[in-house]
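*Asks:* The structure follows.
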Amino acid sequence: MKKFVSAVMLLSLLISLFPSIVGAAEAPKLYLNGKLLQNAAEPKIVGASTLVPIRTVTEGLGFDVAWEKPNVTISNGETNMVLTVGDKSAVVNDQEVSLDAPALITVGSTMVPIRFVSEQFGLSVYWDKLTRSVHLYKESPVTDPPVTTPNPGEGSETPDTGNGSEQPVNPPATTSSLLNSIEYNGLGSIYLSYEGDFKDVKTEVLHSPERVVIDLPYMNFNAASFTPGFTQANSSSKVGEIVVDSHPTLQKIRYSYYSDKPDTVRVVLDLVAPTNVQTVKEGQSIRIDVLEQTGPPPEVVVPPVGPKIYKVVLDAGHGAHDPGALAVNGRKEKDYNLAITLKVKALLDKESKIKPYLTRSDDTFVELDDRADYANKLGADLFISFHANKTGSATVSGSETYYSRGDSITFANIIHRYLVAGTGFKDRKVRQADFRVIKKTTMPAILLEAGYLSNSGDTSVLFNDAKQDKIAAEIVAGIKEYLKLS
Ligand SMILES: [Zn+2]
């Protein structure tokens with residue numbers, strides 16, 4: 001029962017620690033005692049669990065693993081765990097333990113849930129959101145009292161339940177040392193003064209932005225007397241910083257109470273360029289020396305100072321099962337729309353200050369809303385939808401240009417002039433209509449009804465390759481006039 005209770009608690013902890021990363025693209029990194037574990041395959045996040053290849057467990061953590069399909073037995077001599085592929089329960093030291101998700105799954109290689117396995121084997125696990133990494137700490141057997149030895153001083157804090165078996169397994173009691181102060185000497189050295197026994201400093205260099213992360217496990221702030229104090233402090237987070245203005249690369253020293261499993265103080269050095277950093281332990285003090293710069297400052301991304309590149313969305317109306325108007329010659333509107341769109345695109349491709357984007361580039365169907373969404377998400381500067389019209393009368397002929405909102409009138413007026421010049425048809429004027437693609441788009445947007453496919457004259461022009469070239473050239477000239485590029 002004891003193991004069951006603790007597993008449920010661990011799972012809820014696991015879920016609360018991994019809230020927002022599901023589906024994230026980048027694989028997390030896995031560290032043991034601050035050292036990156038090289039994996040056969042990268043860890044994967046599935047649901048609320050981080051899964052690692054089973055080889056990581058054998059090679060990285062030094063556990064024995066025995067495969068007997070569909071079971072995997074993991075053992076370190078004391079604890080014996082049996083996981084079954086696809087099964088939501090595991091057996092730990094002959095006790096069944098339930099998990100929310102299958103204990104073992106196959107995603108390329110066979111993967112095990114690292115937090116569950118690690119904690120069952122007495123490792124501390126925590127997740128670093130900033131660096132997307134999972135840190136495992138194997139506690140030193142020298143300083144840690146055995147888990148099974150009761151601590152005589154703790155009687156009043158841990159009520160005796162009689163059989164003593166209902167409490168979750170506590171992590172090994174470890175005395176954390178206390179950090180009294182962090183001080184920058186103005187010459188490139190940072191002094192950390194502490195009391196108590198302290199051994200390990202874990203240093204990691206990170207880039208983009210350039211920084212060095214120094215973790216001090218089994219250390220907490222001496223909250224009562226710590227200097228220079230905190231900018232933000234509550235029971236779970238103590239955060240502060242020292243701004244440095246006298247160093248060529250060091251800009252800021254940030255410190256925080258980073259983890260309580262185990263107590264860990266994190267010191268982050270914000271740098272403007274890669275810089276050697278060394279830590280030296282002397283007496284009850286840790287000195288961090290920020291040494292010489294080792295590389296050029298990271299390339300600063302300068303926003304382009306050249307002329308703006310205009311994004312123009314070309315929307316070929318209809319497509320696939322939606323043919324649009326049927327022409328008197330048996331052709332379909334969707335084919336004219338695509339042909340003229342591709343010709344306009346080809347011409348815009350030659351313009352250095354305009355980049356065309358298409359909602360469709362072949363005979364596929366795109367929903368109206370998706371066409372508008374595409375342009376909006378792109379942050380397009382202009383939107384043109386290409387169509388041809390149809391009516392019951394074979395004599396109606398001419399070009400029309402539609403806008404929906406007032407911000408599109410100027411664009412409509414200019415393009416319409418060029419459209420009529422291109423088709424040579426009767427000018428049927430610029431008109432207002434709330435067609436969905438020009439209403440839902442958020443940039444100047446127009447819809448061209450180039451001619452009437454119910455009219456044989458218009459139809460023969462619109463399906464003529466050379467005439468299409470002329471119409472496309474005129475529309476491009478209109479776009480350039482509107483953008484003041486001509
Ligand atoms: Zn149409």
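A note on labels: chains of the structure tokens are A, B, ... as shown, every chain counts residues from 1, and ligands are counted from 1 in their shown order.
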Residues at most 6 Å from ligand 1, using only C-alpha atoms and all ligand atoms? Could they come as a PyMOL selection string?
*Replies:* chain A and resi 317+324+387-388
*Asks:* Excluding same-chain residues fewer than 5 positions from Ala477 (chain A), what lies within 9 Å of it counting only C-alpha atoms, as an mmCIF file with N, CA and C atoms, in the first residue's frame?
*Replies:*
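What landed in result-v4.cif:
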```cif
data_model
loop_
_atom_site.group_PDB
_atom_site.id
_atom_site.type_symbol
_atom_site.label_atom_id
_atom_site.label_comp_id
_atom_site.auth_asym_id
_atom_site.auth_seq_id
_atom_site.Cartn_x
_atom_site.Cartn_y
_atom_site.Cartn_z
ATOM 1 N N ILE A 415 -6.175 49.156 -59.292
ATOM 2 C CA ILE A 415 -6.073 47.872 -60.001
ATOM 3 C C ILE A 415 -7.144 47.784 -61.093
ATOM 4 N N TYR A 418 -6.100 49.166 -64.397
ATOM 5 C CA TYR A 418 -5.177 48.287 -65.112
ATOM 6 C C TYR A 418 -5.876 47.018 -65.613
ATOM 7 N N ALA A 472 -2.103 39.839 -66.761
ATOM 8 C CA ALA A 472 -1.203 39.669 -65.601
ATOM 9 C C ALA A 472 -0.234 40.846 -65.511
ATOM 10 N N TYR A 482 0.228 51.088 -56.849
ATOM 11 C CA TYR A 482 -0.348 51.236 -55.506
ATOM 12 C C TYR A 482 0.743 51.292 -54.440
ATOM 13 N N SER A 486 6.548 52.027 -58.826
ATOM 14 C CA SER A 486 6.743 52.215 -60.264
ATOM 15 C C SER A 486 7.173 53.648 -60.566
#
```
*Asks:* May I have the residues within 6 Å of region 259-266 of chain A as a list in words, using only C-alpha atoms and disregarding those fewer than 3 positions away in the same chain?
*Replies:*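 Close residues of region 259-266 of chain A: Ile214, Asp215, Leu216, Pro217, Tyr218, Met219, Asn220, Tyr255 and Ser256 of chain A.
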*Asks:* Output N, CA and C atoms for every residue in that selection, as a PDB file, in the first residue's frame.
*Replies:*
```pdb
ATOM      1  N   ILE A 214      25.246  28.232 -12.754  1.00  0.00           N
ATOM      2  CA  ILE A 214      25.986  27.541 -11.697  1.00  0.00           C
ATOM      3  C   ILE A 214      24.972  27.077 -10.660  1.00  0.00           C
ATOM      4  N   ASP A 215      24.840  25.776 -10.525  1.00  0.00           N
ATOM      5  CA  ASP A 215      23.904  25.221  -9.556  1.00  0.00           C
ATOM      6  C   ASP A 215      24.653  24.749  -8.321  1.00  0.00           C
ATOM      7  N   LEU A 216      24.093  25.046  -7.172  1.00  0.00           N
ATOM      8  CA  LEU A 216      24.681  24.644  -5.897  1.00  0.00           C
ATOM      9  C   LEU A 216      23.684  23.743  -5.186  1.00  0.00           C
ATOM     10  N   PRO A 217      23.706  22.435  -5.480  1.00  0.00           N
ATOM     11  CA  PRO A 217      22.748  21.551  -4.817  1.00  0.00           C
ATOM     12  C   PRO A 217      23.059  21.391  -3.335  1.00  0.00           C
ATOM     13  N   TYR A 218      22.039  21.086  -2.573  1.00  0.00           N
ATOM     14  CA  TYR A 218      22.132  20.995  -1.121  1.00  0.00           C
ATOM     15  C   TYR A 218      22.592  22.320  -0.523  1.00  0.00           C
ATOM     16  N   MET A 219      22.099  23.372  -1.092  1.00  0.00           N
ATOM     17  CA  MET A 219      22.358  24.691  -0.507  1.00  0.00           C
ATOM     18  C   MET A 219      21.066  25.495  -0.568  1.00  0.00           C
ATOM     19  N   ASN A 220      20.823  26.249   0.514  1.00  0.00           N
ATOM     20  CA  ASN A 220      19.664  27.140   0.550  1.00  0.00           C
ATOM     21  C   ASN A 220      20.161  28.515   0.975  1.00  0.00           C
ATOM     22  N   TYR A 255      20.393  35.333  -9.051  1.00  0.00           N
ATOM     23  CA  TYR A 255      20.405  34.181  -8.157  1.00  0.00           C
ATOM     24  C   TYR A 255      18.983  33.854  -7.745  1.00  0.00           C
ATOM     25  N   SER A 256      18.767  32.573  -7.488  1.00  0.00           N
ATOM     26  CA  SER A 256      17.422  32.156  -7.101  1.00  0.00           C
ATOM     27  C   SER A 256      17.475  30.848  -6.336  1.00  0.00           C
TER      28      SER A 256
END
```
*Asks:* Quick one, how far is CA of Ala339 (chain A) from CA of Ser385 (chain A)?
*Replies:*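 Value for the CA of Ala339 (chain A)-CA of Ser385 (chain A) distance: 12.7 Å.
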*Asks:* Report the distance between CA of Phe198 (chain A) and CA of Ser176 (chain A) in Å, rounded to one decimal place.
*Replies:*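 Interatomic distance here is 8.0 Å.
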*Asks:* Have a look at A:Val268, A:Ala320, A:Ile182, A:Leu250 and name the one nearest to Glu333 (chain A); count only C-alpha atoms.
*Replies:* A:Ala320
*Asks:* Skipping near chain neighbours, those fewer than 2 positions away, what residues fall within 9 Å of Val344 (chain A) using only C-alpha atoms, listed as a ChimeraX atom specification?
*Replies:* /A:314,339-342,346-349,356,469,471-473,475-476
*Asks:* Selection from above, N, CA and C atoms, as a compact mmCIF listing (two decimals), in the first residue's frame, can you write it?
*Replies:*
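Output file out.txt is given in full below:
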```txt
# COMPACT_ATOMS: atom_id res chain seq x y z
N LEU A 314 -2.02 36.21 -53.51
CA LEU A 314 -2.79 36.00 -54.73
C LEU A 314 -3.69 34.80 -54.50
N ALA A 339 -4.68 30.02 -63.70
CA ALA A 339 -3.73 30.42 -64.74
C ALA A 339 -3.29 31.87 -64.57
N ILE A 340 -4.25 32.75 -64.32
CA ILE A 340 -3.90 34.18 -64.20
C ILE A 340 -3.10 34.41 -62.91
N THR A 341 -3.46 33.67 -61.86
CA THR A 341 -2.74 33.79 -60.58
C THR A 341 -1.27 33.40 -60.76
N LEU A 342 -1.04 32.28 -61.46
CA LEU A 342 0.34 31.81 -61.65
C LEU A 342 1.15 32.79 -62.51
N ALA A 346 4.44 34.77 -61.29
CA ALA A 346 5.72 34.69 -62.00
C ALA A 346 6.30 36.09 -62.23
N LEU A 347 5.44 37.04 -62.52
CA LEU A 347 5.93 38.42 -62.72
C LEU A 347 6.37 39.06 -61.40
N LEU A 348 5.60 38.81 -60.34
CA LEU A 348 5.96 39.39 -59.04
C LEU A 348 7.26 38.78 -58.50
N ASP A 349 7.53 37.53 -58.88
CA ASP A 349 8.77 36.88 -58.45
C ASP A 349 10.00 37.65 -58.94
N PRO A 356 5.25 37.39 -53.64
CA PRO A 356 3.89 36.86 -53.76
C PRO A 356 3.69 35.58 -52.95
N ASP A 469 -1.31 36.79 -70.40
CA ASP A 469 -0.03 37.45 -70.11
C ASP A 469 -0.22 38.95 -69.97
N ILE A 471 -3.06 40.63 -69.26
CA ILE A 471 -3.83 40.95 -68.05
C ILE A 471 -2.93 40.89 -66.81
N ALA A 472 -2.10 39.84 -66.76
CA ALA A 472 -1.20 39.67 -65.60
C ALA A 472 -0.23 40.85 -65.51
N ALA A 473 0.33 41.24 -66.66
CA ALA A 473 1.29 42.34 -66.67
C ALA A 473 0.63 43.64 -66.19
N ILE A 475 -2.01 43.90 -64.18
CA ILE A 475 -2.30 43.81 -62.74
C ILE A 475 -1.03 44.09 -61.93
N VAL A 476 0.09 43.54 -62.38
CA VAL A 476 1.36 43.77 -61.68
C VAL A 476 1.72 45.26 -61.72
```
*Asks:* Just the residues within 7 Å of Leu291 (chain A), please, counting only C-alpha atoms, with nothing from its chain fewer than 4 positions along; format it as a PDB file with N, CA and C atoms, in the first residue's frame.
*Replies:*
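File written: result-v1.pdb
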```pdb
ATOM      1  N   THR A 275      32.552  33.502 -22.482  1.00  0.00           N
ATOM      2  CA  THR A 275      33.598  33.898 -21.548  1.00  0.00           C
ATOM      3  C   THR A 275      33.941  32.712 -20.660  1.00  0.00           C
ATOM      4  N   ASN A 276      35.250  32.511 -20.421  1.00  0.00           N
ATOM      5  CA  ASN A 276      35.666  31.458 -19.497  1.00  0.00           C
ATOM      6  C   ASN A 276      35.278  31.822 -18.070  1.00  0.00           C
ATOM      7  N   VAL A 277      34.737  30.845 -17.362  1.00  0.00           N
ATOM      8  CA  VAL A 277      34.371  31.060 -15.967  1.00  0.00           C
ATOM      9  C   VAL A 277      34.947  29.908 -15.169  1.00  0.00           C
TER      10      VAL A 277
END
```
*Asks:* List the spatial neighbours of Leu462 (chain A) as a list of chain:residue names - criterion: any atom at most 7 Å away, only C-alpha atoms, same-chain residues fewer than 5 positions off excluded.
*Replies:* A:Tyr336, A:Lys467, A:Gln468
*Asks:* Between CA of Gly406 (chain A) and CA of Phe425 (chain A), measure the distance and give it in Å to one decimal.
*Replies:*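 Pair CA of Gly406 (chain A) / CA of Phe425 (chain A) returns 25.7 Å.
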*Asks:* Skip Ala223 (chain A) itself and residues of its chain fewer than 3 positions away, then list as a PyMOL selection string all residues within 10 Å of it, counting only C-alpha atoms.
*Replies:* chain A and resi 178-180+220+226-227+229-230+233+238
*Asks:* Run DSSP on the backbone and grab whatever in region 320-389 of chain A lands in helix (DSSP H, G or I); send it over as a count of residues only.
*Replies:* 27
